[in-house]
Amino acid sequence: MARFVDLAISAMLLAGLYATMAYGLGLIYGVLRVVNLAHGGVIMAGAYLGWVLHGWLGLDPYLSIPIVVGATFVLGVLMYRLLVRHLQRGAAGGPASLLLLFGVWLVLRNAAYLLFTGNDQTIRTAYSTRALPLFGSFVSVNRLAVLGIAVVTPVLLHLLLRRTYLGRAIRAVAQNADSCTLVGIDVERIYTITFGIGTALAGLAGLLSATIFSFNPGFGSGELLKSFVVVVLGGLGSVFGTGLAALILAVVEVFAILVLPSYLTAAVGFVMLVLVLVLRPGGLFGQRVLG
Amino acid sequence: MTFRWPPIVPRSAALAFVVCVAALAVAPVALGFSIYTKNLVTLAFLMISGALAWNWMGGFVGQVSFGHAALFGVGGFVAARLMLMEPPAPAPLAWLAGGLAAGVFSLGAHPMLRLRGPYFSIATIGVGEASRLIFTYWEDFTGGSSGLSLPIDADMKDRLYWWGLGLAALVVAASYLIRRSTLGLQLLAIKADVDAAADVGVNATFYQDLVFALSATVVGVTGGLYAAYFSFIEPGDMFGFDRSIGFVLMSVIGGVGTVLGPVLGAIVFVLLRQFLLASYPQLYLGLYGVLLIFIILFEPLGLTGLALRLTRFVRRRRRGEPRESLA
């Protein structure tokens with residue numbers, strides 16, 4: 001029973017991280033209809049940026065959140081303005097955008113490899129090993145903080161999309177970009193900002209995972225796949241759906257430890273991805289991601 | 001009954017093809033290839049076959065796969081296991097069996113084929129990575145991370161040049177015939193719009209399964225020859241993500257959806273790897289990335305597109321038409 005509680009708690013904590021990763025991918029897909037294959041690369045970049053700020057300037061990873069979010073926002077804006085903007089939109093641009101962003105991912109990976117070598121890195125802080133007693137088991141303070149941020153982020157995102165002029169414009173562009181030009185919304189600007197917000201969320205997720213897991217330049221490919229599972233399962237445009245989908249993925253992954261040999265647990269996410277795409281491509285909550 | 005020349009193959013193209021294959025068949029003897037050159041060309045033949053087979057899926061049907069390494073690995077390991085049997089299976093049979101195994105393995109992807117565009121691509125990343133993990137831990141079959149060593153057979157390696165040439169020639173001819181036949185048109189219809197293709201009576205599910213199985217079989221055979229070529233294979237390399245990227249890149253460099261494009265792309269890929277990347281191993285991923293970005297942004301048809309532009313430009317100049325920039 002104690003083991004069950006342990007696993008349930010770690011699934012909860014993991015779900016927060018997965019949800020944060022997935023919002024970025026889902027937002028970009030929902031508005032631009034582009035799957036950001038460089039998502040994993042940006043997650044990795046966020047992790048390394050946090051590591052550099054912590055290791056070289058001694059900045060606490062939680063204090064470096066604004067810097068990392070800002071930097072990855074700029075990275076996303078550049079990616080959009082310099083590259084993605086020049087692609088054909090719609091179905092014809094599909095394979096092209098995939099290959100292009102895949103190229104960006106390879107470049108990011110290689111850059112990290114050149115700068116930081118291929119060694120595994122971690123961000124270790126004074127509170128990394130501290131734990132609090134909770135429901136008869138111990139929970140890492142750090143993971144609780146990550147969960148806290150993962151709960152606050154979607155609320156802020158929700159407020160941004162629902163309550164601000166910018167958010168209304170983003171939602172309008174997602175619905176019909178052509179009509180937006182008629183009412184005076186600068187569609188290109190909205191696309192740029194959306195892409196930036198999407199990558200900023202990926203950067204934030206990367207920074208948060210760096211406080212928990214070790215990472216290297218190849219970090220992020222599993223995260224991309226997991227984000228995709230969550231987006232497809234949870235549907236677009238629903239913060240609640242994304243959160244629940246992230247929880248489902250985390251629970252399946254964590255409880256797989258009970259029934260599967262340990263080396264196969266890494267494959268659970270991949271298998272789930274295929275199952276979800278094949279069995280429930282419309283997501284659990286009806287808001288279809290597949291067009 | 002007199003022989004009727006199939007109308008979809010122009011005589012000039014058939015003649016050029018036969019001359020090329022014949023020239024390559026006698027080249028090692030006639031030009032006195034060193035072992036090094038011969039091996040390099042053999043590798044190019046294998047990569048040409050793999051790239052063209054990928055292109056049947058990625059170019060003709062428009063389903064970009066990031067997981068072809070799984071098929072390559074299955075073919076390679078099945079062939080290697082058969083060649084390691086006591087007594088060893090004849091190599092060509094082992095390769096064929098490897099190809100068939102990969103073909104059967106690919107049928108498992110049937111439910112995935114109703115996914116289109118990015119969904120299919122991302123699902124293939126998942127399948128590819130899952131296969132890599134599973135086969136790495138399946139030590140009884142693949143030898144785990146230490147891999148499998150085949151007995152080194154210098155005679156075999158010598159003959160592999162012609163086996164490779166034969167395979168590549170077969171795949172080039174098959175690609176051409178697919179492109180020019182009704183099947184090619186049906187694939188083009190599926191690529192353009194699945195629903196519209198179904199409306200005019202194209203059985204998209206069947207043709208995608210068929211082409212995927214064919215593509216898998218060829219890639220599996222290639223994996224088998226590759227195992228014989230290197231005499232040592234390990235799952236991390238055979239099933240690796242880099243290998244899947246390789247198949248994508250060769251086609252993209254040469255020209256996705258064309259017949260000669262992947263051939264050119266594979267040659268460039270092998271040469272790049274051999275000469276440039278041997279000196280800068282730490283840069284090769286990034287170089288591939290930059291290549292991908294530039295090709296997609298400036299010349300989506302790769303080298304083929306470049307060649308088309310060049311011929312148009314030259315023709316115009318010859319006709320004395322007003323000068324126009326290359327762009």
# chains A, B, ... in the order shown; residues from 1 in each chain; ligands from 1
>>> interface_residues(of="chain B", to="chain A", cutoff="10 Å", atoms="only C-alpha atoms", output="ChimeraX atom specification")
/B:58,62-64,109-134,136-137,191-193,245,248-249,252,282-298,300
>>> residues_around(residues="range 177-189 of chain B", least_positions_apart="3", cutoff="12 Å", atoms="only C-alpha atoms", output="JSON, numbers by chain")
{"B": [6, 7, 8, 9, 10, 13, 14, 52, 53, 55, 56, 57, 58, 59, 60, 61, 62, 63, 170, 171, 172, 173, 174, 192, 193, 194, 195, 196, 197, 198, 199, 200, 201, 202, 203, 204, 205, 206, 207, 208, 209, 210, 211, 212, 214, 215, 257, 258, 259, 260]}
>>> residues_around(residues="Arg81 in chain A", least_positions_apart="6", cutoff="12 Å", atoms="only C-alpha atoms", output="number ranges by chain")
A: 74-75, 87, 188-196
>>> select_by_dssp(residues="range 7-84 of chain A", states="helix (DSSP H, G or I)", output="PyMOL selection string")
chain A and resi 7-32+39-57+65-82+84
>>> closest_residue(among="B:Ser149, B:Ser65, B:Thr311, B:Ser279", to="Ala228 in chain B", atoms="only C-alpha atoms")
B:Ser149
>>> decode(residues="range 180-205 of chain A", atoms="N, CA and C atoms", output="CSV table (one decimal), in the first residue's frame")
chain,number,residue,atom,x,y,z
A,180,CYS,N,-9.3,37.0,-40.1
A,180,CYS,CA,-8.6,37.9,-39.2
A,180,CYS,C,-8.0,39.1,-39.9
A,181,THR,N,-7.5,38.8,-41.1
A,181,THR,CA,-6.9,39.9,-41.8
A,181,THR,C,-8.0,41.0,-42.2
A,182,LEU,N,-9.2,40.5,-42.3
A,182,LEU,CA,-10.3,41.4,-42.6
A,182,LEU,C,-10.6,42.4,-41.5
A,183,VAL,N,-10.5,41.9,-40.3
A,183,VAL,CA,-10.8,42.7,-39.1
A,183,VAL,C,-9.6,43.4,-38.5
A,184,GLY,N,-8.5,43.3,-39.3
A,184,GLY,CA,-7.3,44.1,-38.9
A,184,GLY,C,-6.4,43.4,-37.9
A,185,ILE,N,-6.4,42.1,-37.8
A,185,ILE,CA,-5.4,41.4,-36.9
A,185,ILE,C,-4.2,41.1,-37.8
A,186,ASP,N,-3.0,41.5,-37.3
A,186,ASP,CA,-1.8,41.2,-38.0
A,186,ASP,C,-1.4,39.7,-37.8
A,187,VAL,N,-1.9,38.9,-38.8
A,187,VAL,CA,-1.8,37.4,-38.6
A,187,VAL,C,-0.3,37.0,-38.4
A,188,GLU,N,0.6,37.6,-39.2
A,188,GLU,CA,2.0,37.2,-39.1
A,188,GLU,C,2.5,37.4,-37.7
A,189,ARG,N,2.1,38.6,-37.1
A,189,ARG,CA,2.6,38.9,-35.8
A,189,ARG,C,2.1,37.9,-34.8
A,190,ILE,N,0.8,37.5,-34.9
A,190,ILE,CA,0.2,36.6,-34.0
A,190,ILE,C,0.9,35.2,-34.1
A,191,TYR,N,1.2,34.8,-35.4
A,191,TYR,CA,1.9,33.6,-35.6
A,191,TYR,C,3.3,33.6,-34.9
A,192,THR,N,4.0,34.8,-35.0
A,192,THR,CA,5.3,34.9,-34.4
A,192,THR,C,5.2,34.8,-32.9
A,193,ILE,N,4.3,35.5,-32.3
A,193,ILE,CA,4.2,35.5,-30.9
A,193,ILE,C,3.8,34.1,-30.4
A,194,THR,N,2.8,33.5,-31.1
A,194,THR,CA,2.4,32.1,-30.7
A,194,THR,C,3.6,31.1,-30.7
A,195,PHE,N,4.3,31.2,-31.8
A,195,PHE,CA,5.5,30.3,-31.9
A,195,PHE,C,6.4,30.5,-30.7
A,196,GLY,N,6.6,31.8,-30.4
A,196,GLY,CA,7.5,32.2,-29.3
A,196,GLY,C,7.0,31.7,-28.0
A,197,ILE,N,5.7,31.8,-27.7
A,197,ILE,CA,5.1,31.3,-26.5
A,197,ILE,C,5.2,29.8,-26.4
A,198,GLY,N,5.0,29.1,-27.5
A,198,GLY,CA,5.1,27.7,-27.5
A,198,GLY,C,6.5,27.2,-27.2
A,199,THR,N,7.5,27.9,-27.8
A,199,THR,CA,8.9,27.4,-27.4
A,199,THR,C,9.3,27.9,-26.0
A,200,ALA,N,8.7,29.0,-25.6
A,200,ALA,CA,9.0,29.4,-24.2
A,200,ALA,C,8.5,28.4,-23.2
A,201,LEU,N,7.3,27.8,-23.5
A,201,LEU,CA,6.8,26.8,-22.6
A,201,LEU,C,7.7,25.5,-22.6
A,202,ALA,N,8.2,25.2,-23.8
A,202,ALA,CA,9.2,24.1,-24.0
A,202,ALA,C,10.4,24.4,-23.1
A,203,GLY,N,10.9,25.6,-23.2
A,203,GLY,CA,12.1,26.0,-22.5
A,203,GLY,C,11.9,25.8,-21.0
A,204,LEU,N,10.7,26.3,-20.5
A,204,LEU,CA,10.4,26.2,-19.1
A,204,LEU,C,10.4,24.7,-18.7
A,205,ALA,N,9.7,23.9,-19.5
A,205,ALA,CA,9.6,22.5,-19.2
A,205,ALA,C,11.0,21.9,-19.1
